[in-house]
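The structure file upload24.txt is reproduced below (compact mmCIF, C-alpha atoms).
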# COMPACT_ATOMS: atom_id res chain seq x y z
CA MET W 57 -32.72 -11.28 -2.42
CA ALA W 58 -31.55 -9.42 0.64
CA ILE W 59 -28.97 -11.26 2.66
CA ASP W 60 -28.01 -10.89 6.24
CA ARG W 61 -24.53 -10.69 7.61
CA ARG W 62 -24.06 -14.41 7.99
CA GLU W 63 -25.07 -15.04 4.42
CA PHE W 64 -22.67 -12.37 3.32
CA MET W 65 -19.90 -14.15 5.17
CA ARG W 66 -20.60 -17.37 3.31
CA LEU W 67 -20.20 -15.83 -0.09
CA ALA W 68 -16.93 -16.81 -1.62
CA GLY W 69 -14.56 -14.81 -3.65
CA LEU W 70 -14.46 -11.57 -1.78
CA GLY W 71 -11.39 -9.80 -0.71
CA GLY W 72 -10.80 -6.77 1.36
CA VAL W 73 -14.39 -5.95 2.04
CA VAL W 74 -14.62 -4.05 5.27
CA PHE W 75 -17.92 -3.29 6.75
CA ALA W 76 -19.53 -2.77 10.04
CA SER W 77 -22.72 -4.55 10.73
CA GLY W 78 -24.64 -5.73 13.64
CA LEU W 79 -24.24 -2.54 15.58
CA ARG W 80 -26.90 -0.63 13.73
CA GLN W 81 -29.37 -3.46 14.16
CA ALA W 82 -28.45 -3.85 17.82
CA LEU W 83 -28.84 -0.15 18.50
CA ALA W 84 -32.09 0.03 16.62
CA ALA W 85 -33.44 -2.59 18.96
CA THR W 86 -32.65 -0.55 22.05
CA SER W 87 -33.35 2.94 23.13
CA ALA W 88 -29.67 3.66 23.51
CA GLY W 89 -28.52 6.59 21.46
CA SER W 90 -27.11 5.55 18.16
CA ASP W 91 -26.19 8.97 16.89
CA GLY W 92 -23.14 8.78 14.78
CA ASP W 93 -22.82 5.01 14.62
CA PHE W 94 -22.69 3.70 11.11
CA TYR W 95 -20.84 1.37 8.85
CA PHE W 96 -18.98 1.57 5.63
CA VAL W 97 -17.50 -0.96 3.25
CA GLN W 98 -13.82 -0.96 2.33
CA LEU W 99 -12.75 -2.75 -0.84
CA SER W 100 -9.13 -2.76 -1.93
CA ASP W 101 -6.68 -3.82 -4.60
CA ALA W 102 -9.08 -4.99 -7.27
CA HIS W 103 -6.26 -4.88 -9.86
CA TRP W 104 -8.74 -4.83 -12.70
CA GLY W 105 -6.89 -5.85 -15.86
CA PHE W 106 -4.66 -8.40 -14.17
CA GLU W 107 -4.74 -11.85 -15.70
CA GLY W 108 -2.78 -14.87 -14.66
CA PRO W 109 -2.62 -18.08 -12.68
CA PRO W 110 -2.93 -16.41 -9.25
CA ASN W 111 -6.62 -15.82 -10.01
CA PRO W 112 -8.42 -17.85 -12.68
CA ASP W 113 -11.49 -15.73 -11.93
CA ALA W 114 -9.66 -12.44 -12.52
CA LYS W 115 -12.58 -11.11 -14.56
CA GLY W 116 -15.21 -12.23 -12.13
CA THR W 117 -14.02 -11.48 -8.61
CA LEU W 118 -14.78 -7.77 -8.57
CA LYS W 119 -18.24 -8.35 -10.03
CA LYS W 120 -18.95 -10.91 -7.34
CA ALA W 121 -17.87 -8.43 -4.70
CA VAL W 122 -20.18 -5.78 -6.13
CA ALA W 123 -23.08 -8.24 -6.14
CA ALA W 124 -22.37 -9.26 -2.58
CA VAL W 125 -22.24 -5.68 -1.32
CA ASN W 126 -25.50 -4.99 -3.16
CA ALA W 127 -27.09 -7.98 -1.47
CA LEU W 128 -26.44 -6.73 2.05
CA ALA W 129 -29.69 -6.50 3.99
CA GLU W 130 -28.57 -3.22 5.48
CA PRO W 131 -26.72 -1.11 2.96
CA PRO W 132 -23.59 0.69 4.13
CA ASP W 133 -23.63 4.45 4.39
CA PHE W 134 -20.85 4.61 1.84
CA ILE W 135 -18.10 2.58 0.21
CA VAL W 136 -14.38 3.24 -0.17
CA PHE W 137 -11.86 1.72 -2.53
CA THR W 138 -8.32 2.02 -1.14
CA GLY W 139 -6.35 1.90 -4.34
CA ASP W 140 -4.96 -0.34 -7.05
CA LEU W 141 -8.34 -0.24 -8.72
CA THR W 142 -6.58 -1.36 -11.89
CA HIS W 143 -3.44 -3.30 -12.68
CA THR W 144 -0.55 -1.31 -14.06
CA THR W 145 0.13 -0.94 -17.75
CA ASP W 146 2.68 1.11 -19.67
CA ASP W 147 0.07 2.06 -22.25
CA PRO W 148 -1.88 5.20 -21.28
CA LYS W 149 -4.74 4.13 -23.51
CA VAL W 150 -5.02 0.73 -21.84
CA ARG W 151 -4.76 2.41 -18.45
CA ARG W 152 -7.82 4.52 -19.30
CA GLN W 153 -9.68 1.52 -20.68
CA ARG W 154 -9.11 -0.32 -17.43
CA LEU W 155 -10.17 2.63 -15.32
CA SER W 156 -13.28 2.98 -17.48
CA GLN W 157 -14.15 -0.71 -17.19
CA PHE W 158 -13.55 -0.63 -13.46
CA ARG W 159 -15.82 2.38 -13.16
CA ASP W 160 -18.52 0.65 -15.18
CA ILE W 161 -18.40 -2.44 -12.99
CA VAL W 162 -18.57 -0.55 -9.69
CA SER W 163 -21.28 1.74 -11.04
CA GLU W 164 -23.52 -1.27 -10.44
CA LEU W 165 -23.17 -0.67 -6.70
CA LYS W 166 -26.54 0.36 -5.32
CA VAL W 167 -24.91 2.60 -2.76
CA LYS W 168 -23.94 5.61 -4.79
CA THR W 169 -21.68 7.32 -2.30
CA VAL W 170 -18.35 5.79 -3.21
CA HIS W 171 -14.92 7.27 -2.47
CA PHE W 172 -11.97 6.22 -4.59
CA MET W 173 -8.28 6.65 -4.16
CA PRO W 174 -5.44 5.43 -6.34
CA GLY W 175 -2.77 2.84 -5.84
CA GLU W 176 0.65 2.85 -7.44
CA HIS W 177 -0.69 0.61 -10.19
CA ASP W 178 -3.26 3.27 -11.09
CA ALA W 179 -1.17 6.36 -10.67
CA SER W 180 2.60 5.98 -10.34
CA LEU W 181 3.46 5.92 -14.03
CA ASP W 182 1.59 9.13 -14.92
CA ASN W 183 1.46 11.01 -11.60
CA GLY W 184 -2.20 10.19 -11.24
CA GLU W 185 -3.27 11.90 -14.46
CA ALA W 186 -5.59 9.19 -15.76
CA PHE W 187 -7.01 8.44 -12.31
CA GLN W 188 -7.99 12.08 -11.90
CA GLU W 189 -9.79 12.10 -15.25
CA PHE W 190 -12.06 9.33 -13.97
CA PHE W 191 -12.28 9.78 -10.23
CA GLY W 192 -11.18 13.29 -9.38
CA ARG W 193 -8.84 14.28 -6.61
CA THR W 194 -6.33 11.81 -5.29
CA HIS W 195 -6.29 13.30 -1.80
CA TYR W 196 -9.30 14.89 -0.10
CA THR W 197 -11.43 14.87 3.02
CA PHE W 198 -15.05 14.24 3.83
CA ASP W 199 -17.07 14.13 7.00
CA HIS W 200 -19.69 11.60 7.96
CA LYS W 201 -21.70 11.45 11.16
CA GLY W 202 -19.03 12.98 13.30
CA VAL W 203 -16.07 11.21 11.72
CA HIS W 204 -13.52 13.16 9.69
CA PHE W 205 -12.16 11.07 6.84
CA ILE W 206 -8.87 11.95 5.19
CA ALA W 207 -7.81 10.26 1.96
CA LEU W 208 -4.04 10.49 1.49
CA ASP W 209 -2.21 9.91 -1.79
CA ASN W 210 1.09 8.09 -1.37
CA VAL W 211 1.23 6.75 -4.91
CA SER W 212 1.00 9.52 -7.54
CA ASP W 213 4.66 10.12 -6.80
CA PRO W 214 6.36 6.92 -7.97
CA ARG W 215 8.81 7.38 -5.11
CA ALA W 216 5.96 6.52 -2.74
CA SER W 217 5.97 9.92 -1.08
CA LEU W 218 3.17 12.13 0.13
CA GLY W 219 5.30 15.19 -0.62
CA ASP W 220 5.68 18.46 1.23
CA ALA W 221 2.66 20.10 -0.40
CA GLN W 222 0.33 17.31 0.64
CA LEU W 223 1.83 17.19 4.13
CA LYS W 224 1.17 20.91 4.50
CA TRP W 225 -2.37 20.37 3.26
CA LEU W 226 -2.77 17.64 5.87
CA ALA W 227 -1.35 19.84 8.62
CA ASP W 228 -3.71 22.67 7.68
CA ASP W 229 -6.67 20.31 7.67
CA LEU W 230 -5.78 18.80 11.02
CA ALA W 231 -5.34 22.25 12.54
CA ARG W 232 -9.07 22.74 11.98
CA GLN W 233 -9.98 19.59 13.92
CA PRO W 234 -10.34 19.35 17.70
CA LYS W 235 -7.77 17.13 19.37
CA ASN W 236 -10.43 14.57 20.27
CA ALA W 237 -11.93 14.45 16.77
CA ASN W 238 -12.73 11.03 15.32
CA ILE W 239 -10.34 10.78 12.41
CA VAL W 240 -10.11 7.98 9.88
CA VAL W 241 -7.28 8.02 7.36
CA LEU W 242 -7.74 6.14 4.12
CA THR W 243 -4.72 5.50 1.96
CA HIS W 244 -3.12 2.89 -0.23
CA ARG W 245 0.39 2.18 1.09
CA PRO W 246 1.22 1.67 4.76
CA LEU W 247 2.22 4.99 6.28
CA PHE W 248 4.71 3.26 8.54
CA ASP W 249 7.68 1.07 7.54
CA LEU W 250 5.87 -2.22 7.46
CA TYR W 251 8.54 -3.91 5.31
CA PRO W 252 10.51 -1.50 3.13
CA GLN W 253 12.47 -4.42 1.72
CA TRP W 254 9.30 -5.18 -0.24
CA ASP W 255 8.39 -1.54 -0.86
CA TRP W 256 5.72 -1.76 1.85
CA ALA W 257 6.23 1.73 3.18
CA THR W 258 5.72 5.42 2.48
CA LYS W 259 8.93 7.45 2.24
CA ASP W 260 7.64 10.34 4.31
CA GLY W 261 4.85 8.44 6.03
CA ALA W 262 6.46 9.06 9.41
CA LYS W 263 5.86 12.78 8.90
CA ALA W 264 2.16 12.13 8.36
CA ILE W 265 2.01 9.98 11.46
CA ASP W 266 3.76 12.70 13.45
CA LEU W 267 1.08 15.15 12.30
CA LEU W 268 -1.65 12.72 13.38
CA MET W 269 -0.16 11.80 16.77
CA PRO W 270 -1.57 14.78 18.71
CA TYR W 271 -5.06 13.53 17.88
CA ALA W 272 -6.40 10.96 20.28
CA ASN W 273 -8.74 9.07 17.96
CA VAL W 274 -7.06 8.17 14.69
CA THR W 275 -7.45 4.95 12.73
CA VAL W 276 -5.90 4.17 9.37
CA PHE W 277 -7.34 1.82 6.77
CA TYR W 278 -5.16 0.98 3.82
CA GLY W 279 -4.38 -1.68 1.21
CA HIS W 280 -1.32 -2.44 -0.93
CA ILE W 281 -0.10 -5.55 0.87
CA HIS W 282 -2.99 -7.84 -0.12
CA GLN W 283 -3.46 -9.31 3.33
CA GLU W 284 -4.92 -8.49 6.65
CA HIS W 285 -2.47 -6.77 8.95
CA HIS W 286 -2.84 -4.81 12.17
CA LYS W 287 -0.25 -2.56 13.70
CA MET W 288 -0.19 0.25 16.17
CA THR W 289 2.10 3.25 16.00
CA GLY W 290 1.61 4.79 19.40
CA HIS W 291 -2.14 5.00 19.85
CA ILE W 292 -2.91 4.95 16.12
CA ASN W 293 -4.29 1.73 14.68
CA HIS W 294 -3.39 0.78 11.14
CA HIS W 295 -5.47 -1.91 9.41
CA ALA W 296 -4.51 -3.36 6.03
CA ALA W 297 -7.19 -4.93 3.87
CA LYS W 298 -7.08 -8.00 1.68
CA SER W 299 -7.14 -7.79 -2.08
CA LEU W 300 -9.88 -8.62 -4.54
CA MET W 301 -7.42 -10.23 -6.94
CA PHE W 302 -4.69 -12.27 -5.22
CA PRO W 303 -3.12 -12.51 -1.79
CA LEU W 304 0.52 -11.71 -1.12
CA PRO W 305 2.76 -13.59 1.29
CA VAL W 306 3.59 -12.44 4.80
CA ALA W 307 6.42 -9.91 4.77
CA GLY W 308 9.79 -11.57 4.28
CA SER W 309 8.35 -15.06 4.38
CA GLN W 310 9.75 -15.91 0.98
CA PRO W 311 12.50 -14.49 -1.19
CA GLN W 312 10.18 -12.76 -3.64
CA ARG W 313 6.99 -10.81 -3.23
CA ASN W 314 5.05 -13.06 -5.61
CA PRO W 315 1.31 -13.72 -5.36
CA VAL W 316 0.26 -16.66 -3.27
CA PRO W 317 -0.62 -19.38 -5.79
CA TRP W 318 -4.24 -20.18 -6.49
CA ASP W 319 -5.35 -23.48 -4.99
CA PRO W 320 -8.31 -25.00 -6.83
CA ALA W 321 -9.03 -27.08 -3.73
CA ALA W 322 -9.45 -23.86 -1.74
CA PRO W 323 -10.58 -21.15 -4.15
CA TYR W 324 -10.26 -17.56 -2.97
CA ARG W 325 -8.18 -18.65 0.03
CA GLY W 326 -6.50 -15.54 1.40
CA LEU W 327 -9.20 -13.34 -0.04
CA GLY W 328 -11.38 -12.46 2.85
CA PHE W 329 -13.27 -9.55 4.20
CA ARG W 330 -13.60 -7.60 7.34
CA ASN W 331 -16.46 -6.57 9.52
CA VAL W 332 -15.87 -3.16 11.11
CA GLU W 333 -18.30 -1.52 13.46
CA ALA W 334 -17.82 2.20 13.78
CA GLU W 335 -18.79 3.25 17.26
CA THR W 336 -18.10 6.91 17.08
CA LYS W 337 -18.91 7.77 20.65
CA GLU W 338 -15.96 5.72 21.75
CA ALA W 339 -14.05 6.12 18.49
CA LYS W 340 -13.86 2.39 18.48
CA TYR W 341 -13.66 0.14 15.46
CA GLU W 342 -14.41 -3.42 16.33
CA ILE W 343 -13.01 -5.67 13.70
CA THR W 344 -13.93 -9.27 13.07
CA GLU W 345 -11.89 -11.19 10.53
CA LEU W 346 -13.85 -13.74 8.60
CA PRO W 347 -12.79 -16.44 6.18
CA VAL W 348 -14.12 -16.39 2.69
CA GLN W 349 -15.13 -20.01 2.95
CA LYS W 350 -15.70 -22.18 5.98
CA ALA W 351 -13.30 -25.12 6.28
CA MET V 69 65.38 15.48 10.71
CA ILE V 70 63.15 12.54 10.72
CA ALA V 71 62.38 11.08 7.37
CA GLY V 72 58.80 10.68 6.54
CA THR V 73 56.07 13.12 7.16
CA ALA V 74 53.80 14.19 9.96
CA GLY V 75 50.89 14.35 7.57
CA VAL V 76 48.79 11.47 6.27
CA SER V 77 49.78 10.09 2.94
CA SER V 78 46.60 9.72 0.85
CA SER V 79 48.24 7.12 -1.31
CA ALA V 80 48.28 4.78 1.70
CA GLU V 81 44.45 4.54 1.67
CA PRO V 82 43.18 2.09 -0.92
CA LYS V 83 40.31 3.37 -3.02
CA PRO V 84 37.02 1.64 -2.32
CA LYS V 85 36.19 -1.16 -4.66
CA VAL V 86 33.78 -0.14 -7.38
CA ILE V 87 30.86 -2.41 -8.05
CA LYS V 88 29.00 -1.66 -11.24
CA ILE V 89 25.30 -2.41 -11.34
CA LEU V 90 23.05 -2.09 -14.35
CA ALA V 91 19.34 -1.61 -13.72
CA ARG V 92 16.73 -2.26 -16.36
CA ARG V 93 13.10 -3.09 -16.17
CA PHE V 94 12.94 -5.26 -14.06
CA THR V 95 16.33 -6.58 -12.96
CA TYR V 96 19.63 -5.55 -11.50
CA THR V 97 22.78 -7.03 -12.94
CA PRO V 98 24.40 -8.37 -10.86
CA ASN V 99 21.65 -9.17 -8.44
CA LYS V 100 23.76 -10.93 -5.84
CA ILE V 101 26.69 -9.09 -4.33
CA THR V 102 29.01 -10.21 -1.56
CA LEU V 103 30.77 -7.67 0.63
CA LYS V 104 32.99 -7.73 3.69
CA LYS V 105 31.92 -6.07 6.88
CA GLY V 106 33.76 -2.82 7.45
CA VAL V 107 35.20 -2.68 3.94
CA PRO V 108 33.99 0.32 1.97
CA VAL V 109 32.68 -0.03 -1.56
CA VAL V 110 31.12 2.30 -4.08
CA PHE V 111 28.23 1.12 -6.19
CA GLU V 112 28.20 2.68 -9.64
CA LEU V 113 24.67 2.42 -10.97
CA GLN V 114 23.24 2.98 -14.39
CA THR V 115 19.83 2.45 -15.86
CA ALA V 116 19.31 0.98 -19.31
CA ASP V 117 15.87 2.50 -19.68
CA VAL V 118 13.88 4.52 -17.16
CA LEU V 119 14.40 6.26 -13.84
CA MET V 120 14.94 3.61 -11.20
CA GLY V 121 15.59 3.51 -7.50
CA PHE V 122 18.29 1.69 -5.60
CA SER V 123 17.50 1.17 -1.95
CA ILE V 124 19.09 -0.90 0.78
CA PRO V 125 16.65 -0.41 3.65
CA ASP V 126 18.74 -2.25 6.21
CA PHE V 127 21.54 0.26 5.67
CA GLN V 128 19.22 3.26 5.22
CA THR V 129 20.86 3.93 1.90
CA ARG V 130 19.13 4.85 -1.31
CA ALA V 131 19.57 6.78 -4.52
CA ASP V 132 17.82 7.59 -7.76
CA ILE V 133 19.36 6.04 -10.85
CA VAL V 134 18.83 8.68 -13.49
CA PRO V 135 18.98 7.81 -17.19
CA GLY V 136 22.17 9.02 -18.86
CA LYS V 137 24.13 9.33 -15.63
CA ILE V 138 26.27 7.14 -13.42
CA THR V 139 25.03 7.27 -9.87
CA LYS V 140 27.62 6.56 -7.18
CA VAL V 141 26.48 5.13 -3.88
CA PRO V 142 29.13 4.58 -1.21
CA LEU V 143 28.58 1.95 1.43
CA THR V 144 30.61 0.59 4.31
CA PRO V 145 28.53 -2.26 5.66
CA ASP V 146 28.63 -2.31 9.44
CA LYS V 147 26.85 -5.60 10.01
CA GLU V 148 26.94 -9.11 8.64
CA GLY V 149 24.02 -10.89 7.14
CA THR V 150 21.89 -11.18 4.04
CA PHE V 151 20.05 -8.06 2.98
CA THR V 152 17.75 -6.95 0.20
CA PHE V 153 18.30 -4.14 -2.22
CA LEU V 154 15.38 -3.08 -4.36
CA CYS V 155 13.94 -0.59 -6.75
CA ASP V 156 11.86 1.85 -4.72
CA ILE V 157 10.55 3.93 -7.60
CA PHE V 158 7.53 2.25 -9.15
CA CYS V 159 8.48 1.36 -12.70
CA GLY V 160 5.72 -0.92 -14.02
CA SER V 161 4.56 -4.49 -13.87
CA GLY V 162 7.59 -6.36 -12.63
CA HIS V 163 8.60 -3.65 -10.18
CA GLU V 164 7.53 -5.80 -7.27
CA THR V 165 10.26 -8.35 -7.93
CA MET V 166 13.00 -5.95 -8.97
CA ASN V 167 15.48 -6.65 -6.23
CA GLY V 168 18.77 -8.25 -5.33
CA THR V 169 20.66 -9.73 -2.46
CA LEU V 170 23.56 -8.23 -0.56
CA VAL V 171 25.59 -10.71 1.47
CA VAL V 172 27.92 -9.20 4.04
CA GLU V 173 30.50 -11.53 5.51

Is it possible to give me this structure as C-alpha cells?
Amino acid sequence: MAIDRREFMRLAGLGGVVFASGLRQALAATSAGSDGDFYFVQLSDAHWGFEGPPNPDAKGTLKKAVAAVNALAEPPDFIVFTGDLTHTTDDPKVRRQRLSQFRDIVSELKVKTVHFMPGEHDASLDNGEAFQEFFGRTHYTFDHKGVHFIALDNVSDPRASLGDAQLKWLADDLARQPKNANIVVLTHRPLFDLYPQWDWATKDGAKAIDLLMPYANVTVFYGHIHQEHHKMTGHINHHAAKSLMFPLPVAGSQPQRNPVPWDPAAPYRGLGFRNVEAETKEAKYEITELPVQKA
Amino acid sequence: MIAGTAGVSSSAEPKPKVIKILARRFTYTPNKITLKKGVPVVFELQTADVLMGFSIPDFQTRADIVPGKITKVPLTPDKEGTFTFLCDIFCGSGHETMNGTLVVE
C-alpha cells in the first residue's frame, strides 16, 4: 500500500532516514519550472550485527526502514547509506557475513540506485578491504540533476584520516567544477572537530573543508554520531543523521560515549528521520526534523 | 675569580616525571592521572596488543602507540581542569569507550 509523507512519519523504528518530499508534488501542481529538483533518502549507521540492550529490535529495525522507504508514495531518485552499515568484528569472515546479510536486506529496496559508503565499523580494521568486495569504491563522485555528489572516505584509515592521496583526488575533482556548482558531500565522520574527545572528528577534515570553501553551494551529510546535528563552517552546512540502531548522547553530556538506553515506554526514541527538499536552483536544502513517534 | 659558572648547570633542572601508561584493548592503565599546571611530565606508553592511539585533544597532543616500542609523549599542561585522553585509532568494539581522565590542578 502506497503511503504518503504523513503516514511515513508515523511509522516507528526508523533512524536517519533523510528524504525530501512535498516539493516534487508542489511543483508538479504548478507550472513553475521544477528542473533539477528532486529528493533522495539518507540512511545511516545501521550497525547490522550489533546485538544488545540498546536495541531489542536489532534484527528488525533495518528491515522496517527498508519497508518504509519502499512504501513511500513517491519513490526517491536514489538512496545513500552514510556508513557503519555493519557493526565491527575482529573476524574477517564474520565481517563479510554481516556485509552480505546487510546487502541482502537492502536489496529489497525498490529503488535500485543506492550509493554506499563505509563507516569505521565496516572498514577501519582491514582498510576497507571487505567493504570494497561488496560495495566497490569507498570514495567516488556521481552527478544527479545538476548536483555534484562527492562521497569521501574518512574511515578506511583507522586514524580517521582522508589522507593526502584522497585530498588530491578531491582537489582535482573540485577543480573541474564551477565555483557556483551545487555540491553535496556524503561521508561518515564529521569533517570538522565536532567533539574530538569522543573521536567525533576527521584528522585532516579541515583540509577537505578548506578545499570546499571556495565553492558557494556546499552541503555535507554524514553519520557517525547517531543523532541529528547541524553546524556551519563558514557557509558550508553540515548535517548529521540519526542511526538505525541506537542513539548516542549529546557530545560531552556524560562521561562515556555509551548508547542511550532503550526505553520500552518510548521505543525507538532518538531514532528519527529527516525530510530534506533539494531545491537545486537555490542550492537550498530545507530540513524538517520529525519524531519517530508522536507523544 | 668568581666561583661558580656563567653557564647553566643541567643538573639543576629536575627531569620530568615519567608516567607509565599501558594500553590494551580497550583500556588505559592508569586511566585517571593527576598533574600540576606548568609542571612537565613525560608519558611513557606501551601497548599490550595492537597499534593504539593516545590523544589529548584539549592539549593538541597525540601519538601512535606502536607494539614493541615505548612511545614517549611530553606534556606541560598549561591550564587547569579535567580533560579526556582517548584512543584515536579505531581498534574494535570497545574503542568508543577507550579513554581516561587527566586532572590538572

### Query
Leaving out stretch 93-95 of chain V and any residue of its chain fewer than 4 positions from it, which residues lie within 9 Å of it when counting all atoms listed in the file, given as a list in words?
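Those residues are Asn99, Thr115, Ala116, Asp117, Val118, Met120, Cys155, Cys159, Gly160, Ser161, Gly162, His163, Glu164, Thr165, Met166, Asn167 and Gly168 of chain V.
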
### Message
Quick check, in Å to one decimal: how far apart do atom CA of V:Thr139 and atom CA of W:Ala307 lie?
### Response
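Going from atom CA of V:Thr139 over to atom CA of W:Ala307, I get 29.3 Å.
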
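Using all atoms listed in the file, the smallest distance between any of W:Ala264, W:Ala179, W:Ile292, W:Ile239 and chain V comes from W:Ala179.
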
### Query
Any idea what the distance is between atom CA of V:Asp156 and atom CA of W:Ala102?
22.2 Å

### Query
How far is it from atom CA of W:Thr138 to atom CA of W:Trp225, in Å with one decimal?
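Interatomic distance here is 19.8 Å.
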
Complete stretch 149-171 of chain V with N, CA and C atoms (output as a PDB file, in the frame of the given file).
ATOM      1  N   GLY V 149      25.331 -10.305   7.363  1.00  0.00           N
ATOM      2  CA  GLY V 149      24.020 -10.890   7.140  1.00  0.00           C
ATOM      3  C   GLY V 149      23.654 -10.857   5.669  1.00  0.00           C
ATOM      4  N   THR V 150      22.415 -11.177   5.411  1.00  0.00           N
ATOM      5  CA  THR V 150      21.890 -11.180   4.040  1.00  0.00           C
ATOM      6  C   THR V 150      20.800 -10.126   3.959  1.00  0.00           C
ATOM      7  N   PHE V 151      20.937  -9.216   3.039  1.00  0.00           N
ATOM      8  CA  PHE V 151      20.050  -8.060   2.980  1.00  0.00           C
ATOM      9  C   PHE V 151      19.500  -7.889   1.572  1.00  0.00           C
ATOM     10  N   THR V 152      18.394  -7.191   1.495  1.00  0.00           N
ATOM     11  CA  THR V 152      17.750  -6.950   0.200  1.00  0.00           C
ATOM     12  C   THR V 152      18.087  -5.564  -0.302  1.00  0.00           C
ATOM     13  N   PHE V 153      18.347  -5.458  -1.585  1.00  0.00           N
ATOM     14  CA  PHE V 153      18.300  -4.140  -2.220  1.00  0.00           C
ATOM     15  C   PHE V 153      17.192  -4.191  -3.264  1.00  0.00           C
ATOM     16  N   LEU V 154      16.548  -3.062  -3.491  1.00  0.00           N
ATOM     17  CA  LEU V 154      15.380  -3.080  -4.360  1.00  0.00           C
ATOM     18  C   LEU V 154      15.185  -1.745  -5.054  1.00  0.00           C
ATOM     19  N   CYS V 155      14.379  -1.808  -6.071  1.00  0.00           N
ATOM     20  CA  CYS V 155      13.940  -0.590  -6.750  1.00  0.00           C
ATOM     21  C   CYS V 155      12.789  -0.006  -5.946  1.00  0.00           C
ATOM     22  N   ASP V 156      12.915   1.235  -5.516  1.00  0.00           N
ATOM     23  CA  ASP V 156      11.860   1.850  -4.720  1.00  0.00           C
ATOM     24  C   ASP V 156      11.183   2.997  -5.446  1.00  0.00           C
ATOM     25  N   ILE V 157      11.305   2.975  -6.772  1.00  0.00           N
ATOM     26  CA  ILE V 157      10.550   3.930  -7.600  1.00  0.00           C
ATOM     27  C   ILE V 157       9.709   3.082  -8.540  1.00  0.00           C
ATOM     28  N   PHE V 158       8.419   3.135  -8.392  1.00  0.00           N
ATOM     29  CA  PHE V 158       7.530   2.250  -9.150  1.00  0.00           C
ATOM     30  C   PHE V 158       7.788   2.409 -10.640  1.00  0.00           C
ATOM     31  N   CYS V 159       8.037   1.274 -11.294  1.00  0.00           N
ATOM     32  CA  CYS V 159       8.480   1.360 -12.700  1.00  0.00           C
ATOM     33  C   CYS V 159       7.678   0.453 -13.611  1.00  0.00           C
ATOM     34  N   GLY V 160       6.553  -0.102 -13.143  1.00  0.00           N
ATOM     35  CA  GLY V 160       5.720  -0.920 -14.020  1.00  0.00           C
ATOM     36  C   GLY V 160       5.520  -2.323 -13.476  1.00  0.00           C
ATOM     37  N   SER V 161       4.844  -3.118 -14.275  1.00  0.00           N
ATOM     38  CA  SER V 161       4.560  -4.490 -13.870  1.00  0.00           C
ATOM     39  C   SER V 161       5.848  -5.288 -13.887  1.00  0.00           C
ATOM     40  N   GLY V 162       6.267  -5.754 -12.750  1.00  0.00           N
ATOM     41  CA  GLY V 162       7.590  -6.360 -12.630  1.00  0.00           C
ATOM     42  C   GLY V 162       8.402  -5.632 -11.578  1.00  0.00           C
ATOM     43  N   HIS V 163       7.923  -4.444 -11.218  1.00  0.00           N
ATOM     44  CA  HIS V 163       8.600  -3.650 -10.180  1.00  0.00           C
ATOM     45  C   HIS V 163       8.688  -4.418  -8.864  1.00  0.00           C
ATOM     46  N   GLU V 164       7.605  -5.143  -8.578  1.00  0.00           N
ATOM     47  CA  GLU V 164       7.530  -5.800  -7.270  1.00  0.00           C
ATOM     48  C   GLU V 164       8.621  -6.838  -7.047  1.00  0.00           C
ATOM     49  N   THR V 165       9.191  -7.367  -8.110  1.00  0.00           N
ATOM     50  CA  THR V 165      10.260  -8.350  -7.930  1.00  0.00           C
ATOM     51  C   THR V 165      11.597  -7.836  -8.435  1.00  0.00           C
ATOM     52  N   MET V 166      11.711  -6.527  -8.551  1.00  0.00           N
ATOM     53  CA  MET V 166      13.000  -5.950  -8.970  1.00  0.00           C
ATOM     54  C   MET V 166      13.848  -5.738  -7.716  1.00  0.00           C
ATOM     55  N   ASN V 167      14.680  -6.732  -7.441  1.00  0.00           N
ATOM     56  CA  ASN V 167      15.480  -6.650  -6.230  1.00  0.00           C
ATOM     57  C   ASN V 167      16.725  -7.501  -6.364  1.00  0.00           C
ATOM     58  N   GLY V 168      17.555  -7.453  -5.359  1.00  0.00           N
ATOM     59  CA  GLY V 168      18.770  -8.250  -5.330  1.00  0.00           C
ATOM     60  C   GLY V 168      19.153  -8.548  -3.895  1.00  0.00           C
ATOM     61  N   THR V 169      20.217  -9.291  -3.783  1.00  0.00           N
ATOM     62  CA  THR V 169      20.660  -9.730  -2.460  1.00  0.00           C
ATOM     63  C   THR V 169      22.065  -9.230  -2.199  1.00  0.00           C
ATOM     64  N   LEU V 170      22.245  -8.686  -0.997  1.00  0.00           N
ATOM     65  CA  LEU V 170      23.560  -8.230  -0.560  1.00  0.00           C
ATOM     66  C   LEU V 170      23.977  -9.150   0.583  1.00  0.00           C
ATOM     67  N   VAL V 171      25.094  -9.840   0.399  1.00  0.00           N
ATOM     68  CA  VAL V 171      25.590 -10.710   1.470  1.00  0.00           C
ATOM     69  C   VAL V 171      26.821 -10.062   2.081  1.00  0.00           C
TER      70      VAL V 171
END
